[in-house]
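Only one structure is covered here, and it is reproduced in the block below.
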Amino acid sequence: MRTPTTTPAQAAGMIRRDQDLLLSRIEGLSEDELRAPYEVTAGPLGDFCDSLHDLVAHVLMWDEITLAVLRDARAGRLHWSLDARWETAEIGRALNLGGVEAGRRIPSELVLHRFRSVGDALVDEIARYDEETWADPSTGAGFDGGIGALAEYVATTPDGILFAHAARHLQPVSA
């Protein structure tokens, strides 16, 4: 059985700090500046972000999936993204590329509005749990370890960084 390594308050705080890190990096930038070439650290699933706008769209897509996973679990359902057919590097890469491409078609102002809205909803979703419910194995809609372990699973990058998706990509780029 998986056991969560965080409390709901810690998880919500880590997510909020990660969101704030990205928002502080883009604060005050114009549409052109957000879409200007910007090198971010690639993840294990490859390069797909060419700008800060792309990075916001990428992190947003995964925050939306994480939020849907947690809401489905609260309703007693296992989210589609947890099906083994979706949990391959090839499909992860395709989701990354598709999410970024979709974001490129939307003005930065609206992508940022959506990013903030989803971020608030994700933090609120996690904050609704107390420590006992967070760790209760019966709360994960069939996921081993309950809602806390499920939240940690879906909000961990493939290379093992927990609740710090934007920070993972904003690390200094190696030469």
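Here, A, B, ... name the chains of the structure tokens in the order displayed, residue numbers run from 1 inside each chain, and ligands are numbered from 1 in the same displayed order.
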
| Can you list, as a ChimeraX atom specification, every residue of segment 45-117 of chain A that DSSP puts in helix (DSSP H, G or I)? | /A:52-74,80-82,84-86,89-104,108-117

Interface rows for segment 11-102 of chain A against segment 151-155 of chain A: nearest pair, Å to one decimal, 8 Å, only C-alpha atoms, as JSON lines:
```
{"residue": "A:Asp63", "atom": "CA", "partner": "A:Ala155", "partner_atom": "CA", "distance": 7.9}
{"residue": "A:Thr66", "atom": "CA", "partner": "A:Val154", "partner_atom": "CA", "distance": 6.0}
{"residue": "A:Val69", "atom": "CA", "partner": "A:Val154", "partner_atom": "CA", "distance": 7.8}
{"residue": "A:Leu70", "atom": "CA", "partner": "A:Ala151", "partner_atom": "CA", "distance": 6.8}
```

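Rounded to one decimal, atom CA of Glu132 of chain A and atom CA of Met61 of chain A lie 29.1 Å from each other.
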
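Closest approach to Ala127 of chain A from the set A:Pro44, A:Gly148, A:Gly92, A:Gly160 is made by A:Gly148, with distances taken over only C-alpha atoms.
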
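For the atom pair formed by atom CA of Ala94 of chain A and atom CA of Arg35 of chain A, the distance is 21.3 Å, given to one decimal.
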
For Glu39 of chain A: contacts at 9 Å, only C-alpha atoms, fewer than 4 positions along chain excluded, given as a PDB file with all heavy atoms, in the first residue's frame:
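Output contents, as saved in out_17.pdb:
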```
ATOM      1  N   CYS A  49       8.340  22.869 -25.147  1.00  0.00           N
ATOM      2  CA  CYS A  49       8.047  24.251 -24.796  1.00  0.00           C
ATOM      3  C   CYS A  49       9.116  25.154 -25.390  1.00  0.00           C
ATOM      4  O   CYS A  49      10.304  24.987 -25.113  1.00  0.00           O
ATOM      5  CB  CYS A  49       8.023  24.438 -23.279  1.00  0.00           C
ATOM      6  SG  CYS A  49       6.665  23.595 -22.455  1.00  0.00           S
ATOM      7  N   ASP A  50       8.677  26.128 -26.201  1.00  0.00           N
ATOM      8  CA  ASP A  50       9.600  27.068 -26.824  1.00  0.00           C
ATOM      9  C   ASP A  50       9.532  28.449 -26.198  1.00  0.00           C
ATOM     10  O   ASP A  50      10.287  29.334 -26.588  1.00  0.00           O
ATOM     11  CB  ASP A  50       9.282  27.192 -28.321  1.00  0.00           C
ATOM     12  CG  ASP A  50       9.511  25.881 -29.059  1.00  0.00           C
ATOM     13  OD1 ASP A  50      10.400  25.112 -28.660  1.00  0.00           O
ATOM     14  OD2 ASP A  50       8.783  25.637 -30.030  1.00  0.00           O
ATOM     15  N   SER A  51       8.603  28.639 -25.260  1.00  0.00           N
ATOM     16  CA  SER A  51       8.400  29.960 -24.665  1.00  0.00           C
ATOM     17  C   SER A  51       7.799  29.791 -23.277  1.00  0.00           C
ATOM     18  O   SER A  51       7.365  28.699 -22.899  1.00  0.00           O
ATOM     19  CB  SER A  51       7.454  30.785 -25.539  1.00  0.00           C
ATOM     20  OG  SER A  51       6.151  30.203 -25.519  1.00  0.00           O
ATOM     21  N   LEU A  52       7.733  30.892 -22.542  1.00  0.00           N
ATOM     22  CA  LEU A  52       7.057  30.855 -21.245  1.00  0.00           C
ATOM     23  C   LEU A  52       5.560  30.621 -21.422  1.00  0.00           C
ATOM     24  O   LEU A  52       4.932  29.952 -20.602  1.00  0.00           O
ATOM     25  CB  LEU A  52       7.326  32.143 -20.470  1.00  0.00           C
ATOM     26  CG  LEU A  52       8.743  32.252 -19.912  1.00  0.00           C
ATOM     27  CD1 LEU A  52       9.014  33.666 -19.386  1.00  0.00           C
ATOM     28  CD2 LEU A  52       8.988  31.219 -18.827  1.00  0.00           C
ATOM     29  N   LEU A 170      11.803  25.136 -14.846  1.00  0.00           N
ATOM     30  CA  LEU A 170      12.487  26.424 -14.731  1.00  0.00           C
ATOM     31  C   LEU A 170      13.885  26.309 -14.151  1.00  0.00           C
ATOM     32  O   LEU A 170      14.553  27.321 -13.952  1.00  0.00           O
ATOM     33  CB  LEU A 170      11.640  27.397 -13.897  1.00  0.00           C
ATOM     34  CG  LEU A 170      10.365  27.893 -14.577  1.00  0.00           C
ATOM     35  CD1 LEU A 170       9.500  28.655 -13.590  1.00  0.00           C
ATOM     36  CD2 LEU A 170      10.694  28.751 -15.786  1.00  0.00           C
ATOM     37  N   VAL A 173      19.103  25.717 -17.348  1.00  0.00           N
ATOM     38  CA  VAL A 173      19.345  24.808 -18.462  1.00  0.00           C
ATOM     39  C   VAL A 173      20.828  24.469 -18.497  1.00  0.00           C
ATOM     40  O   VAL A 173      21.674  25.351 -18.450  1.00  0.00           O
ATOM     41  CB  VAL A 173      18.888  25.444 -19.797  1.00  0.00           C
ATOM     42  CG1 VAL A 173      19.188  24.516 -20.964  1.00  0.00           C
ATOM     43  CG2 VAL A 173      17.401  25.766 -19.728  1.00  0.00           C
TER      44      VAL A 173
END
```

| task | Check the smallest atom-to-atom distance from each of A:Gly146, A:Gly119, A:Pro158, A:Pro137 to Arg17 of chain A using only C-alpha atoms, then report the winner. | result | A:Gly119

| request: Could you give me, as a PyMOL selection string, the residues within 9 Å of Glu33 of chain A, counting only C-alpha atoms and dropping anything in the same chain fewer than 3 positions from it? | output: chain A and resi 26+29-30+36-37+51-53

| message | Considering only C-alpha atoms, can you say which of A:Ala102, A:Leu22, A:Ala121, A:Ala12 comes closest to Ala167 of chain A? | response | A:Leu22

| task | Tell me which protein, DNA and RNA residues are within 12 Å of Leu21 of chain A, counting only C-alpha atoms, leaving out same-chain ones fewer than 3 positions away, and put them as a ChimeraX atom specification. | result | /A:14-18,24-27,56,164-171

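Distances here use only C-alpha atoms; by that measure, the residue among A:Leu23, A:Leu97, A:Trp62, A:Phe48 closest to Thr156 of chain A is A:Trp62.
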
| said: For a quick check of understanding, using only C-alpha atoms, which of A:Glu109, A:Glu90, A:Glu125, A:Asp20 has the smallest distance to Ala57 of chain A? | reply: A:Glu109
